[in-house]
Every structure is written in structure tokens, then in C-alpha cells.
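Here's the structure we're looking at; comments come further down.
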Amino acid sequence: MPQKNQTAPVPQGLPMDRDAGPFDPPRDITRLRETRPVSPMAFPDGHQGWLVTGYDAVRRLMADTRFSSRQDLGVIHLPYETPGMPVVTEPSPQVPGLFVAMDPPDHTRLRRKLTGAFTVARMKMLEERISDIVERQLDEMARLAPPVDLVKEFALPVPSLVICELLGVPYEDRDTFQTNSAKFMAKDQVLEEKMAAYGAMNGYLAELVTRKRATPGEDILSDLARHDDLTIEELTGIAFLLLLAGHETTANMLALGTFALLEHPEQIAELRADPDLFPDAVEELMRYLSVADIFYRYATEDLELGGETIGKGSTVVVSLLAANRDPRRFDHPDTLDIHRKARGHTSFGHGIHQCLGQQLARIEMRAGFAGLLRRFPTLHLAVPAGEVRLRTDMNIYGVHELPVTWTPTDPRTA
């Protein structure tokens with residue numbers, strides 16, 4: 001365990017500059033993890049909080065419900081003005097149904113309603129349907145003349161189609177919710193525009209779940225709407241969370257993961273030679289990229305973590321990417337290695353808030369990467385890697401576009 005460096009400078013805000021490369025944590029985050037994995041941090045207004053970067057400390061924190069996820073207790077809401085940092089204002093009111101920002105027993109009551117919908121067995125039953133969606137999107141992409149934007153033509157449509165079908169959201173409405181979710185997730189979006197986007201999504205989903213309560217179908221939102229103890233406001237909040245999380249994270253993993261693989265052609269060659277490696281490759285890409293990186297917690301009492309005393313009322317910032325690159329947990333952590341057994345990574349979270357849809361995401365990524373590499377054996381970047389636009393301005397990391405090309409005469413893309 002590293003020695004606490006009491007003379008190390010307290011970081012002024014959260015280091016966000018991807019100065020080490022498109023796939024690596026900011027160098028300042030890495031230095032903090034090596035010297036003081038639980039480090040004091042000064043917020044822009046002078047408020048003193050903590051930054052947690054070490055793997056063991058992150059896992060302990062996320063498993064300890066005394067570190068609250070509630071947004072109505074302290075300053076842990078989304079960064080509206082300063083990139084990577086929450087605005088220090090009055091606490092946000094709790095949003096009905098948004099159980100990711102709740103503690104037990106409210107969190108338990110709502111999450112329990114969904115556990116049956118996302119069981120491993122039920123997700124496995126969907127594998128064939130997900131593979132069909134992937135293949136159909138690859139067919140559409142193969143008809144285009146390269147170069148194309150992989151985000152627009154593949155990485156975003158696949159999880160959007162899947163989650164729309166599961167939830168019972170009309171896919172023809174995708175442009176509306178994708179545009180509004182992008183505005184909501186932008187770090188530098190002014191508060192008024194961000195809340196307008198949230199309001200538009202909320203209004204759309206409130207109408208949708210109201211219709212499903214009146215005339216339920218065969219989908220997850222209809223199943224939830226049959227629960228009379230859930231209010232329309234709670235149903236709307238749950239729908240918002242599932243729709244946002246169900247396409248944003250997986251879409252960015254498919255795009256950024258393809259970018260990372262194209263920058264490691266030897267790994268692609270091994271995957272093509274042995275498709276059984278895809279499950280391990282997906283776990284390794286999740287660990288290596290950690291697109292959903294920064295989370296916030298609030299100490300509800302004085303707590304010890306990593307040899308430090310976290311005072312009651314402190315805001316605690318958690319970096320999952322830093323934890324997933326901790327050399328005390330993973331050998332050669334900054335190397336992408338598809339042979340690595342990366343289970344135990346923190347990319348799906350840990351504890352009671354561990355990602356509900358993680359098995360769905362795994363199936364989508366396995367099918368997506370496998371299908372893409374099989375159908376487009378000559379796939380490569382259509383621009384220099386340094387020209388790929390990174391989503392450093394968004395709360396979910398990835399790429400804005402990924403221009404790719406291939407040899408159109410290859411019969412496997414026909």
C-alpha cells in the first residue's frame with residue numbers, strides 16, 4: 001500500500017485532461033493513485049472533498065451504503081458548468097424513480113421491480129434476437145460506400161434498437177431521445193438547455209408510460225406499468241434511467257472499443273483466429289476503457305477509507321478508470337490484453353448499484369465486436385488516429401465519430 005504523502009498538493013478540481021492518450025486516464029489521476037489513492041480535493045468554490053482512485057478503496061466505498069448516492073443530501077449531482085466537477089449549490093431534489101440516485105429502502109423497492117427483467121437466463125434468451133439486430137445493421141452498413149461513421153451506422157443503432165425493443169419505445173422516436181440525451185450528458189451545456197432536454201425526455205416518457213398503463217404490451221415498461229404501487233412519476237424516472245443507460249454506455253463502448261482494437265491490430269488478428277476469445281476481450285475492453293468513469297458519493301457519517309478519515313458531509317468523487325488501471329490489482333494495467341481475465345473490474349460498478357443491465361451489455365458487445373470483425377476483415381480507420389474526435393466534453397466517454405473504411409470488394413461484406 002502506498003505511503004500517504006501529506007505534502008502532496010491538494011488537487012484543485014478533478015483532473016480531466018486526457019494527456020496520456022485517448023484510452024488512458026489523465027496523468028494527474030494516475031499520479032494521485034500512486035501517491036495517495038484516497039486524496040483530499042478542493043472543489044471550485046473551495047469546498048473540500050475527496051477523490052478515490054485506488055482499486056481496493058473504490059470497491060470498499062461502493063459496497064458501503066454509508067456513502068450515499070442520494071442527490072438531495074449533498075453536492076453530488078451532475079457537473080453542469082465546470083467540466084468534471086459538480087456545481088456547489090443547494091442539494092438537488094430526489095427525482096421519482098431514478099433509483100441510481102437513491103439509498104435503501106427506496107432503492108431496494110424500485111430495483112426489485114426490475115430484477116426479473118434482467119436475469120442472466122432472460123438475457124441469454126435474447127442472444128439470438130440481439131445477433132439478428134447486429135447482423136441486420138451490418139447488412140445496412142455493407143450497402144454503404146466507405147468511408148462511413150461507425151458511430152452513426154453501427155455503434156449507436158445497435159443498442160438503441162435493442163433497448164427500444166426491450167422497453168417498448170418506438171424506434172422511430174430515436175432521433176428525439178438521442179438528441180436530448182446527448183444534450184443532457186454534455187458537460188458544458190448550460191443548465192437551462194440541459195434541463196430543457198431533460199424536460200423534453202421526461203414529457204415524452206411520461207406520455208409513453210401512461211399509454212402503457214392504459215394498454216400494456218409485451219415489454220419491460222408495460223410490465224412495470226402493471227404495478228399499481230408505482231406512480232406515473234416513478235415509472236417515468238425508471239424509463240428515463242433505463243433508456244439513457246441502455247444505449248449511451250454500450251454505444252460508446254462499441255465505438256471506442258473498435259477504435260482501441262484498430263489501434264492494436266495484433267489483438268484483432270488473434271480474435272479472428274479464435275472467436276472464443278471474445279468474452280474475455282469484452283471484459284478487458286470494459287476494464288481498459290471504463291467509459292462511465294466518474295461517480296459521486298456523500299458521506300453520511302465519519303468514515304475511514306484507505307487510511308483516511310472522510311468527514312460526515314463530504315462529497316467523494318470516484319474514478320472507476322483509475323481503479324481499473326491500478327497495478328496493485330491488474331498486472332501491466334495500461335496494456336490492452338484480450339487474454340487477460342479481467343473479471344472483477346469496476347466498470348459495471350460494485351455493491352447495490354452494480355449495473356442492472358450488465359449481462360445485456362455483454363451480449364450486445366460480444367455480438368457487436370464479433371460481427372463487425374467477421375463481416376469487415378479489412379476494416380481500418382479512414383483518418384489518422386489523432387484526428388478522431390473524443391467525447392471529453394461528455395459524461396460518458398467515447399468518440400463523437402469514428403470514420404472507418406474497408407475494401408468494398410471483399411465478399412464477406414456483400
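Going through the C-alpha cells in order, the chains are called A, B, and so on, while each chain numbers its residues from 1 and the ligands are numbered from 1 in the order shown.
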Problem set entry | Test item: residues at most 8 Å from A:Leu150, only C-alpha atoms, excluding those fewer than 5 positions along its chain, as JSON, numbers by chain | {"A": [155, 255, 401, 402, 403, 404]}
Problem set entry | All strand (DSSP E or B) residues (DSSP, backbone) inside stretch 38-274 of chain A, as a VMD selection string | chain A and resid 38 to 42 48 to 52 67 to 68 148 to 149 186
Write out the residues from the selection above, keeping C-alpha atoms, as a PDB file, in the first residue's frame.
ATOM      1  CA  VAL A  38      -7.782   8.403  -1.233  1.00  0.00           C
ATOM      2  CA  SER A  39      -6.832  12.019  -1.738  1.00  0.00           C
ATOM      3  CA  PRO A  40      -8.289  15.308  -0.483  1.00  0.00           C
ATOM      4  CA  MET A  41      -9.586  17.518  -3.283  1.00  0.00           C
ATOM      5  CA  ALA A  42     -10.683  21.134  -3.436  1.00  0.00           C
ATOM      6  CA  GLN A  48     -13.092  20.302   0.484  1.00  0.00           C
ATOM      7  CA  GLY A  49     -13.941  16.795  -0.662  1.00  0.00           C
ATOM      8  CA  TRP A  50     -12.160  13.585  -1.626  1.00  0.00           C
ATOM      9  CA  LEU A  51     -11.036  11.775  -4.763  1.00  0.00           C
ATOM     10  CA  VAL A  52     -10.796   7.963  -4.654  1.00  0.00           C
ATOM     11  CA  PHE A  67     -21.526   6.541   1.259  1.00  0.00           C
ATOM     12  CA  SER A  68     -24.876   7.753  -0.029  1.00  0.00           C
ATOM     13  CA  VAL A 148     -18.618   5.755 -43.013  1.00  0.00           C
ATOM     14  CA  ASP A 149     -19.059   6.925 -39.439  1.00  0.00           C
ATOM     15  CA  ALA A 186     -22.867  17.249 -22.260  1.00  0.00           C
TER      16      ALA A 186
END
For this session: Write out as a ChimeraX atom specification each polymer residue whose atoms come within 8 Å of stretch 197-205 of chain A, counting only C-alpha atoms; drop sequence neighbours fewer than 5 positions from it.
Result: /A:177,180-181,183-184,236-237,239-240
When you look at stretch 165-175 of chain A with a cut-off of 6 Å (counting only C-alpha atoms), what residues show up, excluding the ones that are within fewer than 5 positions of it in the same chain? I need them as a compact mmCIF listing (two decimals) with all heavy atoms, in the first residue's frame.
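Saved file out-v5.txt follows:
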# COMPACT_ATOMS: atom_id res chain seq x y z
N ASP A 219 -43.57 -5.83 -23.08
CA ASP A 219 -42.28 -5.17 -22.95
C ASP A 219 -42.05 -4.81 -21.49
O ASP A 219 -42.96 -4.92 -20.66
CB ASP A 219 -42.20 -3.93 -23.84
CG ASP A 219 -43.34 -2.95 -23.58
OD1 ASP A 219 -43.31 -2.31 -22.52
OD2 ASP A 219 -44.26 -2.86 -24.43
N ILE A 220 -40.85 -4.38 -21.16
CA ILE A 220 -40.47 -4.13 -19.77
C ILE A 220 -41.27 -2.97 -19.17
O ILE A 220 -41.73 -3.04 -18.03
CB ILE A 220 -38.96 -3.88 -19.65
CG1 ILE A 220 -38.19 -5.19 -19.89
CG2 ILE A 220 -38.59 -3.30 -18.29
CD1 ILE A 220 -36.68 -5.05 -19.90
N LEU A 221 -41.46 -1.88 -19.92
CA LEU A 221 -42.21 -0.75 -19.37
C LEU A 221 -43.67 -1.13 -19.12
O LEU A 221 -44.27 -0.67 -18.14
CB LEU A 221 -42.12 0.46 -20.29
CG LEU A 221 -40.74 1.13 -20.40
CD1 LEU A 221 -40.82 2.37 -21.27
CD2 LEU A 221 -40.18 1.47 -19.02
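Pairwise distance (atom CA of A:Leu14, atom CA of A:Val282) equals 28.1 Å.
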Problem set entry | Picked from stretch 256-333 of chain A by DSSP as helix (DSSP H, G or I), as a PyMOL selection string | chain A and resi 256-262+265-273+275-289+320-324
For the residues in that selection, give me N, CA, C and O atoms as a tab-separated table (two decimals), in the first residue's frame.
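The resulting result12.tsv:
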chain	number	residue	atom	x	y	z
A	256	LEU	N	-15.70	3.18	-29.07
A	256	LEU	CA	-14.35	3.36	-28.53
A	256	LEU	C	-13.60	2.03	-28.51
A	256	LEU	O	-12.39	1.98	-28.74
A	257	GLY	N	-14.32	0.92	-28.25
A	257	GLY	CA	-13.69	-0.40	-28.28
A	257	GLY	C	-13.16	-0.75	-29.65
A	257	GLY	O	-12.07	-1.32	-29.79
A	258	THR	N	-13.92	-0.42	-30.70
A	258	THR	CA	-13.44	-0.66	-32.07
A	258	THR	C	-12.21	0.19	-32.35
A	258	THR	O	-11.24	-0.29	-32.95
A	259	PHE	N	-12.23	1.45	-31.93
A	259	PHE	CA	-11.07	2.33	-32.09
A	259	PHE	C	-9.84	1.71	-31.41
A	259	PHE	O	-8.75	1.62	-32.01
A	260	ALA	N	-10.01	1.24	-30.17
A	260	ALA	CA	-8.89	0.63	-29.45
A	260	ALA	C	-8.38	-0.62	-30.16
A	260	ALA	O	-7.16	-0.83	-30.29
A	261	LEU	N	-9.29	-1.45	-30.64
A	261	LEU	CA	-8.86	-2.67	-31.34
A	261	LEU	C	-8.14	-2.34	-32.64
A	261	LEU	O	-7.13	-2.98	-32.98
A	262	LEU	N	-8.63	-1.34	-33.38
A	262	LEU	CA	-7.97	-0.97	-34.63
A	262	LEU	C	-6.57	-0.42	-34.39
A	262	LEU	O	-5.71	-0.51	-35.27
A	265	PRO	N	-3.79	-3.99	-33.94
A	265	PRO	CA	-4.16	-4.98	-34.98
A	265	PRO	C	-3.76	-6.41	-34.63
A	265	PRO	O	-4.42	-7.36	-35.09
A	266	GLU	N	-2.74	-6.58	-33.80
A	266	GLU	CA	-2.35	-7.94	-33.41
A	266	GLU	C	-3.44	-8.60	-32.56
A	266	GLU	O	-3.65	-9.82	-32.62
A	267	GLN	N	-4.17	-7.78	-31.79
A	267	GLN	CA	-5.26	-8.31	-30.98
A	267	GLN	C	-6.45	-8.70	-31.88
A	267	GLN	O	-7.11	-9.71	-31.64
A	268	ILE	N	-6.69	-7.90	-32.92
A	268	ILE	CA	-7.75	-8.24	-33.87
A	268	ILE	C	-7.44	-9.56	-34.56
A	268	ILE	O	-8.31	-10.41	-34.73
A	269	ALA	N	-6.18	-9.74	-34.95
A	269	ALA	CA	-5.79	-10.98	-35.62
A	269	ALA	C	-6.05	-12.19	-34.73
A	269	ALA	O	-6.52	-13.24	-35.20
A	270	GLU	N	-5.77	-12.05	-33.44
A	270	GLU	CA	-6.00	-13.17	-32.51
A	270	GLU	C	-7.49	-13.44	-32.33
A	270	GLU	O	-7.90	-14.60	-32.23
A	271	LEU	N	-8.29	-12.39	-32.29
A	271	LEU	CA	-9.74	-12.58	-32.15
A	271	LEU	C	-10.32	-13.27	-33.39
A	271	LEU	O	-11.20	-14.12	-33.27
A	272	ARG	N	-9.83	-12.89	-34.56
A	272	ARG	CA	-10.33	-13.53	-35.77
A	272	ARG	C	-9.90	-14.99	-35.82
A	272	ARG	O	-10.64	-15.85	-36.32
A	273	ALA	N	-8.73	-15.28	-35.28
A	273	ALA	CA	-8.23	-16.66	-35.30
A	273	ALA	C	-8.93	-17.52	-34.27
A	273	ALA	O	-9.07	-18.74	-34.46
A	275	PRO	N	-12.42	-17.05	-32.14
A	275	PRO	CA	-13.62	-16.32	-31.67
A	275	PRO	C	-13.99	-16.61	-30.22
A	275	PRO	O	-14.74	-15.83	-29.61
A	276	ASP	N	-13.49	-17.71	-29.65
A	276	ASP	CA	-13.78	-17.99	-28.24
A	276	ASP	C	-13.17	-16.96	-27.30
A	276	ASP	O	-13.49	-16.95	-26.10
A	277	LEU	N	-12.29	-16.12	-27.84
A	277	LEU	CA	-11.67	-15.09	-27.00
A	277	LEU	C	-12.57	-13.88	-26.77
A	277	LEU	O	-12.26	-13.03	-25.93
A	278	PHE	N	-13.68	-13.78	-27.51
A	278	PHE	CA	-14.50	-12.56	-27.41
A	278	PHE	C	-15.04	-12.29	-26.00
A	278	PHE	O	-15.05	-11.13	-25.58
A	279	PRO	N	-15.51	-13.29	-25.24
A	279	PRO	CA	-15.97	-12.96	-23.88
A	279	PRO	C	-14.89	-12.30	-23.03
A	279	PRO	O	-15.16	-11.29	-22.35
A	280	ASP	N	-13.66	-12.84	-23.05
A	280	ASP	CA	-12.57	-12.22	-22.29
A	280	ASP	C	-12.20	-10.86	-22.87
A	280	ASP	O	-11.86	-9.94	-22.13
A	281	ALA	N	-12.26	-10.74	-24.19
A	281	ALA	CA	-11.93	-9.47	-24.83
A	281	ALA	C	-12.90	-8.37	-24.41
A	281	ALA	O	-12.48	-7.22	-24.17
A	282	VAL	N	-14.18	-8.69	-24.29
A	282	VAL	CA	-15.17	-7.71	-23.87
A	282	VAL	C	-14.88	-7.24	-22.44
A	282	VAL	O	-14.91	-6.04	-22.15
A	283	GLU	N	-14.58	-8.17	-21.55
A	283	GLU	CA	-14.26	-7.78	-20.16
A	283	GLU	C	-13.02	-6.90	-20.13
A	283	GLU	O	-12.95	-5.92	-19.38
A	284	GLU	N	-12.02	-7.24	-20.95
A	284	GLU	CA	-10.79	-6.46	-20.98
A	284	GLU	C	-11.03	-5.07	-21.55
A	284	GLU	O	-10.50	-4.07	-21.03
A	285	LEU	N	-11.83	-4.97	-22.59
A	285	LEU	CA	-12.15	-3.65	-23.14
A	285	LEU	C	-12.93	-2.81	-22.13
A	285	LEU	O	-12.70	-1.60	-22.01
A	286	MET	N	-13.84	-3.45	-21.39
A	286	MET	CA	-14.56	-2.73	-20.34
A	286	MET	C	-13.59	-2.17	-19.31
A	286	MET	O	-13.71	-1.01	-18.88
A	287	ARG	N	-12.65	-2.99	-18.88
A	287	ARG	CA	-11.66	-2.56	-17.89
A	287	ARG	C	-10.77	-1.46	-18.46
A	287	ARG	O	-10.55	-0.42	-17.82
A	288	TYR	N	-10.26	-1.68	-19.63
A	288	TYR	CA	-9.26	-0.81	-20.24
A	288	TYR	C	-9.82	0.57	-20.56
A	288	TYR	O	-9.12	1.57	-20.44
A	289	LEU	N	-11.11	0.64	-20.95
A	289	LEU	CA	-11.69	1.90	-21.41
A	289	LEU	C	-12.55	2.60	-20.37
A	289	LEU	O	-12.56	3.83	-20.30
A	320	LEU	N	-13.59	5.21	-11.64
A	320	LEU	CA	-13.54	3.79	-11.96
A	320	LEU	C	-12.40	3.48	-12.92
A	320	LEU	O	-11.81	2.40	-12.87
A	321	LEU	N	-12.09	4.40	-13.82
A	321	LEU	CA	-10.99	4.18	-14.76
A	321	LEU	C	-9.67	4.05	-14.01
A	321	LEU	O	-8.87	3.15	-14.30
A	322	ALA	N	-9.45	4.94	-13.05
A	322	ALA	CA	-8.21	4.85	-12.26
A	322	ALA	C	-8.14	3.52	-11.52
A	322	ALA	O	-7.09	2.87	-11.47
A	323	ALA	N	-9.27	3.09	-10.94
A	323	ALA	CA	-9.30	1.81	-10.22
A	323	ALA	C	-8.99	0.64	-11.16
A	323	ALA	O	-8.27	-0.29	-10.80
A	324	ASN	N	-9.55	0.70	-12.37
A	324	ASN	CA	-9.33	-0.38	-13.33
A	324	ASN	C	-7.92	-0.40	-13.90
A	324	ASN	O	-7.54	-1.38	-14.55
For this session: May I have the residues within 9 Å of A:Ala142 as a VMD selection string, using only C-alpha atoms and disregarding those fewer than 3 positions away in the same chain?
Result: chain A and resid 137 to 139 145 to 146 375 to 376 408 413 to 414
Exercise. Which polymer residues have any atom within 7 Å of an atom of stretch 352-360 of chain A, counting only C-alpha atoms, with same-chain residues fewer than 4 positions away left out, as a ChimeraX atom specification?
Worked result: /A:63,100,118,120,123,348,364
Close residues, A:Arg109 itself excluded, 12 Å, only C-alpha atoms, min 6 positions apart in chain, as a PDB file with C-alpha atoms, in the first residue's frame:
ATOM      1  CA  GLY A  97     -38.000   6.536  -9.989  1.00  0.00           C
ATOM      2  CA  LEU A  98     -34.340   7.457 -10.508  1.00  0.00           C
ATOM      3  CA  PHE A  99     -33.165   4.668  -8.218  1.00  0.00           C
ATOM      4  CA  MET A 102     -31.345   6.548  -4.065  1.00  0.00           C
ATOM      5  CA  ASP A 103     -30.364   4.565  -0.986  1.00  0.00           C
ATOM      6  CA  THR A 115     -34.586  -7.867 -11.264  1.00  0.00           C
ATOM      7  CA  HIS A 227     -47.540  -2.472 -10.758  1.00  0.00           C
ATOM      8  CA  ASP A 229     -47.877   0.775  -6.404  1.00  0.00           C
ATOM      9  CA  LEU A 230     -45.633   2.600  -8.908  1.00  0.00           C
ATOM     10  CA  GLU A 234     -41.787   6.782 -10.749  1.00  0.00           C
TER      11      GLU A 234
END
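The nearest approach to A:Asn395 among the residues A:Met16, A:Ser160, A:Pro216, A:Leu303, with only C-alpha atoms taken into account, belongs to A:Met16.
Picture a line from atom CA of A:Pro159 to atom CA of A:Ala382; it runs 23.6 Å.
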